[in-house]
Structure formats: C-alpha cells, structure tokens
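Scroll down for the structure; my scribbles are underneath it.
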Amino acid sequence: LCGPDAEEEIFRSLDPCSTFEELLLQLYPTHASNFVAAGRLAERLRSAQQYTIGTAAVVAGHVGVVGDLTVEDKLSVGAALVVTGNLVVNGLLSDCGPESRVVVLGSLRAKHINTSGWITVIGDVNVDGVLRGTYNDDVFECYGVIRAGVVLSDEHAIEARAGIEPQNYPTSAGCWGPEIFNLRDEAHQLEVRVLLGESIDEHATIDFDRLI
C-alpha cells in the first residue's frame, strides 16, 4: 500500500544463507515489501509449524517464523519480525520506530497495538482494544480489514485496503480519515479521554497495562 515493490536485484545479490534469520539480516534495513518477499521464499523452503510463547517476549534480533506464532503475553519488537502465517498477541504488541519491522503474511490479532514503526499485514488485523500509531517516519498498512475498538494516530499513517472498521468513531472526521482519532486535534483528544477513562496528550500517553 505504501512501500515500493520488492526488489529482485537485491535478492539476486544476496550471499548464500542457511537460516531465515540470516536472510533477514542481509536484507536489513529495508522496506517491508522485501521482507514480504523473504517470507514467501522461506515458505517454499521450510514446512510451516505452530509456535507458542507462554510469557512476555522481546524480539531484540531479527526473527523469521515459518508458520503461526502465538504470544500469550506482551510482545515487544526491536528488529525485524517476519511471520509467514498468523500472529496472535494476547497482550500488547509494541515496536520501536525505524529499528523495527513487523511483517505478517497471514492475519494479526492483538489485545492492543502501540506502534511507531513499520507494520505490514497481508491478511486482516483484529485489535480488541486500542490501535495507536505515533510519529510519521513509518506506517501501519493492512491489505485486508482493520478492526479495532478504537484507532488513534499521532502523525502516523494507518492504511487498510479493505477498510477500517473501529467500534468507536470520532464525532467529526480528522485528517487521517473518518475512522481515526487524530491525537493532534483537541476535540478528538477530549473524545478519547472519555473512551479510555484517562488523560490523553498529543503524544498519546496511554497506560496500556491498565487497559489490558
């Protein structure tokens, strides 16, 4: 939706590698479309499995998962995470700006999402509570439908090819569209305070632990 197409010449120039992570390391840093292509390649070379992490997890180095990944608690991403199947996070999914890339070739489900990085989902996105994007360096893009309790943007693009369907809309459309609360808009800030039951400033200070 937002990034350029995958670049064939980059893949032709790669050194041989034996793991998904080595492939991601050679590609990094790059835009999300190249990570989508890497995931498609990995799908052809390794059988898909289902993986479950029972506690809070931190992705500090590049991780490639061929299959589905479920995290029963929070997931914090600080590098490249590519999941070729579905990603389920039963707590808060968060990332860290330009250092992170989250690419999901299936669907994404989370309790809440707090992003300042680049997240690309080929399937649908379902968020039980808050989907918040902040800072304008990157984008949250979905090729399916985004469904969430509420969608908040602080100068962060949030795009969905099949539409955005929040449970709560702003009374008046903001600069990011009629479905998204603009956290630089004072009227929207007031409405979000009522929805979340706490004070929200223009940088969207949210106590996600309280919301979970």
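Identifiers in this document derive from the order of the structure tokens: chains are assigned A, B, ..., residues are numbered from 1 separately in each chain, and ligands are numbered from 1 in order of occurrence.
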Task: Within 6 Å of region 74-78 of chain A using only C-alpha atoms, minus same-chain residues under 4 positions, as a list of chain:residue names - done: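 Residues near the query, excluding close chain neighbours: A:Ala56, A:Ala57, A:Val58, A:Val59, A:Ala60, A:Gly91, A:Leu92, A:Leu93, A:Ser94, A:Asp95, A:Cys96, A:Ser100.
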- [ ] Would you mind writing down, as number ranges by chain, each residue of region 87-124 of chain A that DSSP on the backbone assigns to strand (DSSP E or B)?
- [x] A: 87-94, 101-104, 108-115, 118-121
Open item on the list: Considering only C-alpha atoms, can you say which of A:Ala32, A:Leu69, A:Ala80, A:Leu14 comes closest to Ala48 (chain A)?
Closed with: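 Among the listed residues, A:Leu69 lies closest to Ala48 (chain A).
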Task: Within 12 Å of Ala37 (chain A) using only C-alpha atoms, minus same-chain residues under 6 positions, as a PyMOL selection string - done: chain A and resi 5-8+10-11+20+23-24+27+30-31+43-44+82-84+103-105+122
Just the selected residues (N, CA and C atoms), exported as a tab-separated table (two decimals), in the first residue's frame, please.
```tsv
chain	number	residue	atom	x	y	z
A	5	ASP	N	7.68	-1.82	-4.48
A	5	ASP	CA	7.64	-3.26	-4.71
A	5	ASP	C	8.94	-3.91	-4.24
A	6	ALA	N	8.87	-5.22	-4.05
A	6	ALA	CA	10.08	-5.97	-3.72
A	6	ALA	C	11.11	-5.81	-4.85
A	7	GLU	N	12.37	-5.80	-4.47
A	7	GLU	CA	13.45	-5.51	-5.42
A	7	GLU	C	14.21	-6.78	-5.76
A	8	GLU	N	13.98	-7.30	-6.96
A	8	GLU	CA	14.58	-8.56	-7.38
A	8	GLU	C	16.10	-8.51	-7.36
A	10	ILE	N	18.08	-7.02	-5.39
A	10	ILE	CA	18.62	-7.20	-4.04
A	10	ILE	C	18.72	-8.68	-3.70
A	11	PHE	N	17.69	-9.45	-4.05
A	11	PHE	CA	17.71	-10.88	-3.74
A	11	PHE	C	18.75	-11.61	-4.58
A	20	PHE	N	16.48	-18.52	8.00
A	20	PHE	CA	15.60	-17.39	7.73
A	20	PHE	C	16.20	-16.12	8.33
A	23	LEU	N	18.89	-14.57	6.27
A	23	LEU	CA	18.30	-13.86	5.13
A	23	LEU	C	17.81	-12.48	5.55
A	24	LEU	N	17.12	-12.40	6.68
A	24	LEU	CA	16.62	-11.11	7.16
A	24	LEU	C	17.76	-10.16	7.49
A	27	LEU	N	19.09	-8.55	4.40
A	27	LEU	CA	18.16	-7.59	3.83
A	27	LEU	C	18.05	-6.31	4.65
A	30	THR	N	15.63	-2.52	5.30
A	30	THR	CA	14.96	-2.39	4.02
A	30	THR	C	13.48	-2.14	4.26
A	31	HIS	N	12.75	-1.91	3.22
A	31	HIS	CA	11.31	-1.66	3.36
A	31	HIS	C	10.55	-2.98	3.49
A	43	GLU	N	8.67	-19.70	2.96
A	43	GLU	CA	7.55	-20.64	2.92
A	43	GLU	C	7.81	-21.80	1.96
A	44	ARG	N	8.54	-21.53	0.89
A	44	ARG	CA	8.82	-22.56	-0.11
A	44	ARG	C	9.93	-23.51	0.33
A	82	VAL	N	9.34	-11.39	10.96
A	82	VAL	CA	8.54	-11.80	9.81
A	82	VAL	C	7.86	-13.12	10.15
A	83	VAL	N	6.53	-13.13	10.09
A	83	VAL	CA	5.73	-14.32	10.38
A	83	VAL	C	4.97	-14.68	9.11
A	84	THR	N	5.20	-15.89	8.59
A	84	THR	CA	4.56	-16.24	7.32
A	84	THR	C	3.11	-16.68	7.49
A	103	VAL	N	6.25	-7.88	9.87
A	103	VAL	CA	5.59	-8.28	8.64
A	103	VAL	C	4.87	-9.60	8.90
A	104	VAL	N	3.57	-9.61	8.64
A	104	VAL	CA	2.74	-10.79	8.86
A	104	VAL	C	2.06	-11.14	7.55
A	105	LEU	N	2.35	-12.33	7.03
A	105	LEU	CA	1.78	-12.72	5.75
A	105	LEU	C	0.36	-13.27	5.90
A	122	ILE	N	-0.66	-8.78	5.55
A	122	ILE	CA	-1.29	-9.13	4.29
A	122	ILE	C	-2.75	-9.53	4.48
```
Among chain A, which ones does DSSP assign to helix (DSSP H, G or I) (computed from the backbone)? Answer as a short mmCIF file (atom, residue, chain, number, x, y, z; two decimals) with all heavy atoms, in the first residue's frame.
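Done, and the output landed in selection_13.cif:
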```cif
data_model
loop_
_atom_site.label_atom_id
_atom_site.label_comp_id
_atom_site.auth_asym_id
_atom_site.auth_seq_id
_atom_site.Cartn_x
_atom_site.Cartn_y
_atom_site.Cartn_z
N GLU A 8 13.98 -7.30 -6.96
CA GLU A 8 14.58 -8.56 -7.38
C GLU A 8 16.10 -8.51 -7.36
O GLU A 8 16.76 -9.49 -6.98
CB GLU A 8 14.08 -8.90 -8.79
CG GLU A 8 14.63 -10.21 -9.33
CD GLU A 8 14.11 -10.52 -10.72
OE1 GLU A 8 13.11 -9.90 -11.14
OE2 GLU A 8 14.71 -11.40 -11.38
N GLU A 9 16.66 -7.36 -7.74
CA GLU A 9 18.12 -7.27 -7.81
C GLU A 9 18.77 -7.45 -6.45
O GLU A 9 19.89 -7.96 -6.33
CB GLU A 9 18.56 -5.95 -8.44
CG GLU A 9 18.16 -4.69 -7.69
CD GLU A 9 16.76 -4.19 -8.03
OE1 GLU A 9 15.99 -4.95 -8.64
OE2 GLU A 9 16.45 -3.03 -7.67
N ILE A 10 18.08 -7.02 -5.39
CA ILE A 10 18.62 -7.20 -4.04
C ILE A 10 18.72 -8.68 -3.70
O ILE A 10 19.73 -9.16 -3.16
CB ILE A 10 17.76 -6.45 -3.01
CG1 ILE A 10 17.97 -4.94 -3.14
CG2 ILE A 10 18.08 -6.91 -1.58
CD1 ILE A 10 17.19 -4.11 -2.16
N PHE A 11 17.69 -9.45 -4.05
CA PHE A 11 17.71 -10.88 -3.74
C PHE A 11 18.75 -11.61 -4.58
O PHE A 11 19.38 -12.56 -4.11
CB PHE A 11 16.32 -11.48 -3.96
CG PHE A 11 15.34 -11.12 -2.88
CD1 PHE A 11 14.63 -9.93 -2.92
CD2 PHE A 11 15.15 -11.96 -1.78
CE1 PHE A 11 13.74 -9.58 -1.91
CE2 PHE A 11 14.27 -11.62 -0.77
CZ PHE A 11 13.57 -10.43 -0.84
N ARG A 12 18.97 -11.17 -5.81
CA ARG A 12 19.99 -11.80 -6.65
C ARG A 12 21.41 -11.54 -6.13
O ARG A 12 22.33 -12.30 -6.42
CB ARG A 12 19.88 -11.30 -8.09
CG ARG A 12 18.60 -11.78 -8.78
CD ARG A 12 18.61 -11.40 -10.26
NE ARG A 12 17.41 -11.86 -10.94
CZ ARG A 12 17.23 -13.10 -11.39
NH1 ARG A 12 18.18 -14.00 -11.23
NH2 ARG A 12 16.11 -13.43 -12.01
N PHE A 20 16.48 -18.52 8.00
CA PHE A 20 15.60 -17.39 7.73
C PHE A 20 16.20 -16.12 8.33
O PHE A 20 16.20 -15.05 7.71
CB PHE A 20 14.23 -17.70 8.35
CG PHE A 20 13.09 -16.85 7.83
CD1 PHE A 20 11.79 -17.15 8.21
CD2 PHE A 20 13.29 -15.78 6.99
CE1 PHE A 20 10.71 -16.40 7.75
CE2 PHE A 20 12.22 -15.01 6.52
CZ PHE A 20 10.94 -15.33 6.91
N GLU A 21 16.74 -16.23 9.55
CA GLU A 21 17.32 -15.06 10.22
C GLU A 21 18.51 -14.49 9.46
O GLU A 21 18.68 -13.27 9.40
CB GLU A 21 17.71 -15.42 11.65
CG GLU A 21 16.56 -15.60 12.61
CD GLU A 21 15.75 -16.86 12.38
OE1 GLU A 21 16.28 -17.81 11.75
OE2 GLU A 21 14.57 -16.92 12.80
N GLU A 22 19.34 -15.36 8.87
CA GLU A 22 20.47 -14.87 8.07
C GLU A 22 19.98 -14.10 6.86
O GLU A 22 20.58 -13.09 6.46
CB GLU A 22 21.35 -16.05 7.64
CG GLU A 22 22.13 -16.68 8.77
CD GLU A 22 22.91 -17.91 8.30
OE1 GLU A 22 22.88 -18.20 7.08
OE2 GLU A 22 23.53 -18.57 9.14
N LEU A 23 18.89 -14.57 6.27
CA LEU A 23 18.30 -13.86 5.13
C LEU A 23 17.81 -12.48 5.55
O LEU A 23 18.08 -11.48 4.87
CB LEU A 23 17.14 -14.68 4.56
CG LEU A 23 16.32 -14.05 3.43
CD1 LEU A 23 17.20 -13.71 2.24
CD2 LEU A 23 15.18 -14.97 3.02
N LEU A 24 17.12 -12.40 6.68
CA LEU A 24 16.62 -11.11 7.16
C LEU A 24 17.76 -10.16 7.49
O LEU A 24 17.69 -8.95 7.23
CB LEU A 24 15.73 -11.32 8.38
CG LEU A 24 14.47 -12.15 8.18
CD1 LEU A 24 13.69 -12.26 9.48
CD2 LEU A 24 13.60 -11.58 7.08
N LEU A 25 18.84 -10.71 8.07
CA LEU A 25 19.99 -9.88 8.43
C LEU A 25 20.62 -9.25 7.19
O LEU A 25 21.02 -8.09 7.20
CB LEU A 25 21.02 -10.72 9.19
CG LEU A 25 22.30 -9.99 9.63
CD1 LEU A 25 21.96 -8.86 10.59
CD2 LEU A 25 23.26 -10.97 10.29
N GLN A 26 20.71 -10.02 6.10
CA GLN A 26 21.28 -9.47 4.88
C GLN A 26 20.39 -8.40 4.26
O GLN A 26 20.88 -7.43 3.67
CB GLN A 26 21.51 -10.59 3.85
CG GLN A 26 22.66 -11.51 4.18
CD GLN A 26 23.05 -12.35 2.98
OE1 GLN A 26 23.41 -11.82 1.93
NE2 GLN A 26 22.97 -13.67 3.13
N LEU A 27 19.09 -8.55 4.40
CA LEU A 27 18.16 -7.59 3.83
C LEU A 27 18.05 -6.31 4.65
O LEU A 27 17.80 -5.23 4.11
CB LEU A 27 16.77 -8.21 3.70
CG LEU A 27 16.58 -9.29 2.65
CD1 LEU A 27 15.20 -9.92 2.80
CD2 LEU A 27 16.75 -8.70 1.25
N ALA A 32 9.30 -2.87 3.90
CA ALA A 32 8.53 -4.06 4.26
C ALA A 32 8.32 -5.01 3.09
O ALA A 32 8.24 -6.23 3.27
CB ALA A 32 7.18 -3.65 4.85
N SER A 33 8.21 -4.50 1.86
CA SER A 33 7.92 -5.38 0.73
C SER A 33 9.02 -6.41 0.50
O SER A 33 8.76 -7.54 0.10
CB SER A 33 7.73 -4.54 -0.54
OG SER A 33 6.61 -3.70 -0.42
N ASN A 34 10.28 -6.03 0.76
CA ASN A 34 11.36 -7.02 0.64
C ASN A 34 11.25 -8.09 1.72
O ASN A 34 11.57 -9.27 1.47
CB ASN A 34 12.71 -6.32 0.73
CG ASN A 34 13.09 -5.64 -0.57
OD1 ASN A 34 12.68 -6.04 -1.65
ND2 ASN A 34 13.88 -4.58 -0.48
N PHE A 35 10.77 -7.73 2.91
CA PHE A 35 10.57 -8.73 3.96
C PHE A 35 9.38 -9.64 3.62
O PHE A 35 9.39 -10.82 3.96
CB PHE A 35 10.36 -8.06 5.31
CG PHE A 35 11.62 -7.50 5.90
CD1 PHE A 35 11.67 -6.19 6.34
CD2 PHE A 35 12.76 -8.27 6.02
CE1 PHE A 35 12.84 -5.66 6.89
CE2 PHE A 35 13.94 -7.77 6.57
CZ PHE A 35 13.97 -6.45 6.99
N VAL A 36 8.36 -9.11 2.96
CA VAL A 36 7.26 -9.96 2.49
C VAL A 36 7.79 -10.99 1.50
O VAL A 36 7.48 -12.19 1.58
CB VAL A 36 6.15 -9.11 1.84
CG1 VAL A 36 5.11 -10.03 1.17
CG2 VAL A 36 5.47 -8.23 2.87
N ALA A 37 8.62 -10.55 0.56
CA ALA A 37 9.20 -11.46 -0.42
C ALA A 37 10.08 -12.52 0.26
O ALA A 37 10.07 -13.69 -0.12
CB ALA A 37 10.02 -10.67 -1.44
N ALA A 38 10.83 -12.10 1.28
CA ALA A 38 11.65 -13.06 2.03
C ALA A 38 10.78 -14.11 2.71
O ALA A 38 11.11 -15.30 2.74
CB ALA A 38 12.50 -12.32 3.07
N GLY A 39 9.64 -13.68 3.25
CA GLY A 39 8.72 -14.64 3.86
C GLY A 39 8.16 -15.61 2.87
O GLY A 39 8.03 -16.82 3.15
N ARG A 40 7.81 -15.14 1.68
CA ARG A 40 7.29 -16.03 0.64
C ARG A 40 8.34 -17.06 0.23
O ARG A 40 8.03 -18.23 -0.02
CB ARG A 40 6.86 -15.21 -0.58
CG ARG A 40 5.68 -14.30 -0.35
CD ARG A 40 4.43 -15.06 0.01
NE ARG A 40 3.26 -14.19 0.06
CZ ARG A 40 2.17 -14.44 0.76
NH1 ARG A 40 2.09 -15.53 1.51
NH2 ARG A 40 1.15 -13.61 0.73
N LEU A 41 9.59 -16.62 0.15
CA LEU A 41 10.68 -17.54 -0.18
C LEU A 41 10.84 -18.58 0.92
O LEU A 41 10.98 -19.78 0.64
CB LEU A 41 11.97 -16.75 -0.38
CG LEU A 41 13.23 -17.58 -0.67
CD1 LEU A 41 13.08 -18.36 -1.96
CD2 LEU A 41 14.45 -16.65 -0.76
N ALA A 42 10.83 -18.14 2.18
CA ALA A 42 11.00 -19.07 3.30
C ALA A 42 9.88 -20.10 3.33
O ALA A 42 10.12 -21.27 3.68
CB ALA A 42 11.05 -18.29 4.61
N GLU A 43 8.67 -19.70 2.96
CA GLU A 43 7.55 -20.64 2.92
C GLU A 43 7.81 -21.80 1.96
O GLU A 43 7.35 -22.92 2.19
CB GLU A 43 6.27 -19.93 2.46
CG GLU A 43 5.60 -19.07 3.50
CD GLU A 43 4.31 -18.48 2.98
OE1 GLU A 43 4.32 -17.87 1.88
OE2 GLU A 43 3.28 -18.63 3.66
N ARG A 44 8.54 -21.53 0.89
CA ARG A 44 8.82 -22.56 -0.11
C ARG A 44 9.93 -23.51 0.33
O ARG A 44 10.08 -24.59 -0.24
CB ARG A 44 9.20 -21.90 -1.43
CG ARG A 44 8.10 -21.04 -2.02
CD ARG A 44 8.55 -20.29 -3.24
NE ARG A 44 8.98 -21.17 -4.32
CZ ARG A 44 9.45 -20.76 -5.50
NH1 ARG A 44 9.56 -19.45 -5.72
NH2 ARG A 44 9.82 -21.61 -6.41
N LEU A 45 10.72 -23.09 1.33
CA LEU A 45 11.90 -23.85 1.71
C LEU A 45 11.78 -24.57 3.04
O LEU A 45 12.63 -25.40 3.38
CB LEU A 45 13.11 -22.91 1.76
CG LEU A 45 13.47 -22.22 0.43
CD1 LEU A 45 14.60 -21.23 0.64
CD2 LEU A 45 13.82 -23.23 -0.64
N GLY A 97 9.92 2.14 16.40
CA GLY A 97 10.28 3.09 15.36
C GLY A 97 11.07 2.49 14.22
O GLY A 97 10.87 1.32 13.87
N PRO A 98 11.99 3.24 13.64
CA PRO A 98 12.66 2.78 12.41
C PRO A 98 13.53 1.55 12.59
O PRO A 98 13.90 0.92 11.60
CB PRO A 98 13.49 4.01 11.99
CG PRO A 98 13.65 4.81 13.24
CD PRO A 98 12.39 4.60 14.03
N GLU A 99 13.86 1.19 13.83
CA GLU A 99 14.67 -0.01 14.04
C GLU A 99 13.87 -1.29 13.82
O GLU A 99 14.44 -2.36 13.62
CB GLU A 99 15.26 -0.03 15.46
CG GLU A 99 16.34 0.99 15.71
CD GLU A 99 15.77 2.37 15.95
OE1 GLU A 99 14.56 2.47 16.24
OE2 GLU A 99 16.52 3.35 15.84
N GLU A 186 -7.68 18.79 19.33
CA GLU A 186 -8.15 18.92 20.71
C GLU A 186 -9.53 18.29 20.92
O GLU A 186 -9.78 17.68 21.96
CB GLU A 186 -8.16 20.39 21.13
CG GLU A 186 -6.78 20.99 21.28
CD GLU A 186 -6.83 22.41 21.84
OE1 GLU A 186 -7.95 22.89 22.14
OE2 GLU A 186 -5.76 23.02 21.98
N ALA A 187 -10.42 18.44 19.95
CA ALA A 187 -11.75 17.83 20.08
C ALA A 187 -11.65 16.31 20.12
O ALA A 187 -12.34 15.65 20.92
CB ALA A 187 -12.65 18.28 18.92
N HIS A 188 -10.78 15.75 19.31
CA HIS A 188 -10.58 14.30 19.32
C HIS A 188 -9.95 13.85 20.64
O HIS A 188 -10.28 12.78 21.17
CB HIS A 188 -9.72 13.87 18.14
CG HIS A 188 -10.44 13.87 16.83
ND1 HIS A 188 -10.00 13.17 15.74
CD2 HIS A 188 -11.60 14.49 16.44
CE1 HIS A 188 -10.83 13.36 14.72
NE2 HIS A 188 -11.80 14.16 15.13
N GLN A 189 -9.01 14.63 21.16
CA GLN A 189 -8.40 14.30 22.44
C GLN A 189 -9.46 14.17 23.53
O GLN A 189 -9.42 13.23 24.34
CB GLN A 189 -7.38 15.36 22.84
CG GLN A 189 -6.11 15.39 22.02
CD GLN A 189 -5.18 16.51 22.45
OE1 GLN A 189 -5.30 17.05 23.55
NE2 GLN A 189 -4.27 16.90 21.57
N LEU A 190 -10.40 15.11 23.56
CA LEU A 190 -11.46 15.06 24.57
C LEU A 190 -12.29 13.81 24.43
O LEU A 190 -12.65 13.16 25.42
CB LEU A 190 -12.34 16.31 24.45
CG LEU A 190 -11.69 17.63 24.86
CD1 LEU A 190 -12.62 18.80 24.51
CD2 LEU A 190 -11.36 17.64 26.34
N GLU A 191 -12.62 13.42 23.21
CA GLU A 191 -13.42 12.22 22.99
C GLU A 191 -12.65 10.96 23.42
O GLU A 191 -13.23 10.04 23.99
CB GLU A 191 -13.83 12.12 21.53
CG GLU A 191 -14.80 13.21 21.09
CD GLU A 191 -15.23 13.04 19.65
OE1 GLU A 191 -15.46 11.89 19.21
OE2 GLU A 191 -15.35 14.06 18.95
N VAL A 192 -11.35 10.94 23.15
CA VAL A 192 -10.55 9.78 23.54
C VAL A 192 -10.44 9.68 25.05
O VAL A 192 -10.47 8.58 25.62
CB VAL A 192 -9.15 9.86 22.89
CG1 VAL A 192 -8.24 8.75 23.44
CG2 VAL A 192 -9.26 9.73 21.37
N ARG A 193 -10.35 10.82 25.73
CA ARG A 193 -10.32 10.79 27.20
C ARG A 193 -11.57 10.12 27.75
O ARG A 193 -11.51 9.34 28.70
CB ARG A 193 -10.21 12.21 27.75
CG ARG A 193 -8.86 12.88 27.53
CD ARG A 193 -8.78 14.20 28.28
NE ARG A 193 -7.55 14.90 27.95
CZ ARG A 193 -7.48 16.01 27.23
NH1 ARG A 193 -8.59 16.55 26.76
NH2 ARG A 193 -6.32 16.59 26.97
N VAL A 194 -12.71 10.41 27.15
CA VAL A 194 -13.96 9.80 27.60
C VAL A 194 -13.96 8.30 27.32
O VAL A 194 -14.34 7.48 28.16
CB VAL A 194 -15.16 10.47 26.91
CG1 VAL A 194 -16.45 9.72 27.23
CG2 VAL A 194 -15.28 11.93 27.34
N LEU A 195 -13.46 7.90 26.14
CA LEU A 195 -13.46 6.49 25.77
C LEU A 195 -12.54 5.66 26.66
O LEU A 195 -12.89 4.56 27.09
CB LEU A 195 -13.01 6.34 24.31
CG LEU A 195 -14.03 6.67 23.23
CD1 LEU A 195 -13.36 6.65 21.86
CD2 LEU A 195 -15.18 5.67 23.27
N LEU A 196 -11.34 6.18 26.94
CA LEU A 196 -10.33 5.40 27.65
C LEU A 196 -10.31 5.67 29.14
O LEU A 196 -9.64 4.96 29.88
CB LEU A 196 -8.95 5.67 27.05
CG LEU A 196 -8.78 5.35 25.57
CD1 LEU A 196 -7.33 5.55 25.15
CD2 LEU A 196 -9.23 3.93 25.25
N PHE A 208 -1.24 1.27 28.87
CA PHE A 208 -1.76 0.04 28.30
C PHE A 208 -1.90 -1.05 29.34
O PHE A 208 -2.77 -1.91 29.24
CB PHE A 208 -0.89 -0.43 27.14
CG PHE A 208 -1.04 0.38 25.89
CD1 PHE A 208 -0.16 1.40 25.60
CD2 PHE A 208 -2.08 0.14 25.02
CE1 PHE A 208 -0.28 2.16 24.45
CE2 PHE A 208 -2.22 0.89 23.86
CZ PHE A 208 -1.32 1.90 23.57
N ASP A 209 -1.04 -1.04 30.36
CA ASP A 209 -1.15 -2.04 31.43
C ASP A 209 -2.49 -1.92 32.14
O ASP A 209 -3.09 -2.92 32.54
CB ASP A 209 -0.02 -1.89 32.45
CG ASP A 209 1.31 -2.35 31.87
OD1 ASP A 209 1.30 -3.25 31.02
OD2 ASP A 209 2.35 -1.81 32.28
N ARG A 210 -2.97 -0.70 32.28
CA ARG A 210 -4.27 -0.51 32.93
C ARG A 210 -5.41 -0.99 32.02
O ARG A 210 -6.40 -1.52 32.48
CB ARG A 210 -4.48 0.97 33.26
CG ARG A 210 -5.76 1.25 34.01
CD ARG A 210 -6.03 2.74 34.15
NE ARG A 210 -6.24 3.36 32.85
CZ ARG A 210 -7.41 3.31 32.18
NH1 ARG A 210 -8.44 2.65 32.69
NH2 ARG A 210 -7.54 3.90 31.01
N LEU A 211 -5.23 -0.82 30.71
CA LEU A 211 -6.27 -1.20 29.78
C LEU A 211 -6.36 -2.70 29.58
O LEU A 211 -7.42 -3.22 29.25
CB LEU A 211 -6.03 -0.52 28.42
CG LEU A 211 -6.12 1.00 28.40
CD1 LEU A 211 -5.78 1.51 27.00
CD2 LEU A 211 -7.49 1.49 28.82
#
```
Task: Proximity to Val121 (chain A) - best of A:Val63, A:Val150, A:Val145, A:Ala157, only C-alpha atoms - done: A:Val145
Task: Polymer residues at most 12 Å from Ile146 (chain A), only C-alpha atoms, same-chain spacing of 4 or more positions, as a ChimeraX atom specification - done: /A:107-110,113,120-128,130-131,140-142,150-151,158-167,179-180
Those same residues, written as a tab-separated table (two decimals), in the first residue's frame with N, CA and C atoms?
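The result, written out as result_20.tsv:
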```tsv
chain	number	residue	atom	x	y	z
A	107	SER	N	-2.86	-13.20	9.11
A	107	SER	CA	-3.62	-12.18	9.84
A	107	SER	C	-2.95	-11.89	11.18
A	108	LEU	N	-3.28	-10.73	11.73
A	108	LEU	CA	-2.73	-10.29	13.01
A	108	LEU	C	-3.88	-10.03	13.98
A	109	ARG	N	-3.77	-10.62	15.18
A	109	ARG	CA	-4.72	-10.34	16.26
A	109	ARG	C	-3.93	-9.95	17.50
A	110	ALA	N	-4.37	-8.89	18.19
A	110	ALA	CA	-3.70	-8.45	19.41
A	110	ALA	C	-4.71	-7.82	20.35
A	113	ILE	N	-2.30	-2.56	20.18
A	113	ILE	CA	-1.10	-2.34	19.38
A	113	ILE	C	-0.65	-0.90	19.60
A	120	THR	N	3.38	-4.30	8.44
A	120	THR	CA	2.65	-4.69	7.23
A	120	THR	C	1.97	-6.02	7.47
A	121	VAL	N	0.66	-6.07	7.21
A	121	VAL	CA	-0.12	-7.29	7.39
A	121	VAL	C	-0.85	-7.58	6.08
A	122	ILE	N	-0.66	-8.78	5.55
A	122	ILE	CA	-1.29	-9.13	4.29
A	122	ILE	C	-2.75	-9.53	4.48
A	123	GLY	N	-3.08	-10.14	5.61
A	123	GLY	CA	-4.46	-10.50	5.91
A	123	GLY	C	-5.17	-9.40	6.68
A	124	ASP	N	-6.09	-9.80	7.55
A	124	ASP	CA	-6.84	-8.85	8.36
A	124	ASP	C	-6.11	-8.54	9.67
A	125	VAL	N	-6.47	-7.42	10.27
A	125	VAL	CA	-5.99	-7.05	11.60
A	125	VAL	C	-7.19	-6.93	12.53
A	126	ASN	N	-7.13	-7.61	13.66
A	126	ASN	CA	-8.18	-7.53	14.68
A	126	ASN	C	-7.55	-7.15	16.01
A	127	VAL	N	-7.96	-6.00	16.54
A	127	VAL	CA	-7.43	-5.49	17.79
A	127	VAL	C	-8.59	-5.34	18.76
A	128	ASP	N	-8.51	-6.01	19.89
A	128	ASP	CA	-9.62	-5.96	20.85
A	128	ASP	C	-9.85	-4.55	21.38
A	130	VAL	N	-7.12	-0.90	21.72
A	130	VAL	CA	-6.55	0.30	21.10
A	130	VAL	C	-5.50	-0.06	20.07
A	131	LEU	N	-5.63	0.51	18.89
A	131	LEU	CA	-4.56	0.53	17.89
A	131	LEU	C	-4.06	1.96	17.81
A	140	PHE	N	1.52	1.93	9.36
A	140	PHE	CA	0.82	0.68	9.65
A	140	PHE	C	-0.05	0.41	8.43
A	141	GLU	N	0.23	-0.68	7.70
A	141	GLU	CA	-0.53	-0.97	6.48
A	141	GLU	C	-1.06	-2.39	6.51
A	142	CYS	N	-2.30	-2.53	6.03
A	142	CYS	CA	-3.01	-3.80	6.06
A	142	CYS	C	-3.68	-3.99	4.70
A	150	VAL	N	-10.73	1.08	19.00
A	150	VAL	CA	-10.51	2.48	18.66
A	150	VAL	C	-9.17	2.60	17.96
A	151	VAL	N	-9.09	3.48	16.97
A	151	VAL	CA	-7.86	3.69	16.20
A	151	VAL	C	-7.40	5.13	16.43
A	158	ILE	N	-2.05	5.15	8.91
A	158	ILE	CA	-2.68	3.86	9.16
A	158	ILE	C	-3.59	3.58	7.96
A	159	GLU	N	-3.23	2.57	7.16
A	159	GLU	CA	-3.90	2.32	5.90
A	159	GLU	C	-4.42	0.89	5.86
A	160	ALA	N	-5.60	0.69	5.24
A	160	ALA	CA	-6.17	-0.64	5.06
A	160	ALA	C	-6.86	-0.69	3.71
A	161	ARG	N	-6.45	-1.62	2.86
A	161	ARG	CA	-7.02	-1.69	1.52
A	161	ARG	C	-8.50	-2.03	1.56
A	162	ALA	N	-8.92	-2.89	2.48
A	162	ALA	CA	-10.32	-3.32	2.55
A	162	ALA	C	-11.13	-2.52	3.57
A	163	GLY	N	-10.53	-1.49	4.17
A	163	GLY	CA	-11.27	-0.60	5.05
A	163	GLY	C	-10.89	-0.73	6.52
A	164	ILE	N	-11.24	0.30	7.27
A	164	ILE	CA	-11.02	0.35	8.72
A	164	ILE	C	-12.37	0.37	9.40
A	165	GLU	N	-12.57	-0.58	10.33
A	165	GLU	CA	-13.87	-0.74	10.99
A	165	GLU	C	-13.70	-0.71	12.51
A	166	PRO	N	-13.57	0.48	13.09
A	166	PRO	CA	-13.46	0.56	14.55
A	166	PRO	C	-14.84	0.48	15.20
A	167	GLN	N	-14.86	0.11	16.47
A	167	GLN	CA	-16.11	0.14	17.22
A	167	GLN	C	-16.48	1.56	17.61
A	179	GLU	N	-12.51	7.34	10.36
A	179	GLU	CA	-12.46	6.24	11.33
A	179	GLU	C	-11.40	6.44	12.40
A	180	ILE	N	-10.51	7.41	12.21
A	180	ILE	CA	-9.31	7.51	13.04
A	180	ILE	C	-9.32	8.80	13.86
```
